[in-house]
Amino acid sequence: MFNYFSKINCPTCHYQPKRLNRWECEECGHRWNIFDTYGKCPHCGHTHAETECPKCHDLNSHTDWYIDWRDVELEFAD
Ligand SMILES: [Zn+2]
Ligand SMILES: [Zn+2]
């Protein structure tokens with residue numbers, strides 16, 4: 001199975017997100033793995049431009065987490 005998480009890490013501390021990590025939507029409180037949907041909440045559709053690191057708690061632009069940026073595009077509802 002292809003592990004795309006190996007291509008994602010925290011720009012600050014280089015922590016690599018795990019499958020079990022969860023982020024909370026600031027709009028609706030839904031909890032999910034934000035990298036599964038490139039920052040877009042599967043519950044309310046809100047796209048989070050910034051992502052907090054579970055380890056160092058720095059807030060970085062969601063796109064900065066991707067080592068290989070080519071395949072990633074954020075989808076904003078507006
Ligand atoms: Zn970090
Ligand atoms: Zn939401």
# chains A, B, ... in the order shown; residues from 1 in each chain; ligands from 1
>>> select_by_dssp(residues="chain A", states="strand (DSSP E)", output="ChimeraX atom specification")
/A:23-24,31-32,50-52,59-61
>>> residues_around(residues="A:Arg22", least_positions_apart="2", cutoff="6 Å", atoms="only C-alpha atoms", output="PyMOL selection string")
chain A and resi 31-33
>>> write_last_selection(atoms="C-alpha atoms", output="mmCIF file, in the first residue's frame")
data_model
loop_
_atom_site.group_PDB
_atom_site.id
_atom_site.type_symbol
_atom_site.label_atom_id
_atom_site.label_comp_id
_atom_site.auth_asym_id
_atom_site.auth_seq_id
_atom_site.Cartn_x
_atom_site.Cartn_y
_atom_site.Cartn_z
ATOM 1 C CA ARG A 31 -12.538 15.593 13.769
ATOM 2 C CA TRP A 32 -10.732 13.828 10.937
ATOM 3 C CA ASN A 33 -7.343 13.393 9.341
#
>>> residues_around(residues="A:Cys41", least_positions_apart="2", cutoff="12 Å", atoms="only C-alpha atoms", output="list in words")
Arg22, Trp23, Glu24, Cys25, Glu26, Glu27, Cys28, Gly29, His30, Arg31, Trp32, Asn33, Ile34, Phe35, Asp36, Thr37, Tyr38, Gly39, His43, Cys44, Gly45, His46, Thr47, His48, Ala49, Leu74, Glu75, Phe76 and Ala77 of chain A
>>> residues_near_ligand(ligand="ligand 1", cutoff="6 Å", atoms="only C-alpha atoms and all ligand atoms", output="mmCIF file with C-alpha atoms, in the first residue's frame")
data_model
loop_
_atom_site.group_PDB
_atom_site.id
_atom_site.type_symbol
_atom_site.label_atom_id
_atom_site.label_comp_id
_atom_site.auth_asym_id
_atom_site.auth_seq_id
_atom_site.Cartn_x
_atom_site.Cartn_y
_atom_site.Cartn_z
ATOM 1 C CA CYS A 10 5.757 19.691 9.464
ATOM 2 C CA THR A 12 8.843 23.552 11.502
ATOM 3 C CA CYS A 13 9.867 20.278 13.193
ATOM 4 C CA HIS A 14 9.525 17.763 10.308
ATOM 5 C CA TYR A 15 7.030 15.640 12.197
ATOM 6 C CA CYS A 53 1.313 20.436 14.023
ATOM 7 C CA LYS A 55 3.844 17.691 17.864
ATOM 8 C CA CYS A 56 5.234 21.267 18.009
ATOM 9 C CA ASP A 58 3.154 25.489 15.146
#
>>> atom_distance(atom1="atom CA of A:Ser6", atom2="atom CA of A:Pro42")
22.5 Å
>>> atom_distance(atom1="atom CA of A:Ile67", atom2="atom CA of A:Lys7")
5.3 Å
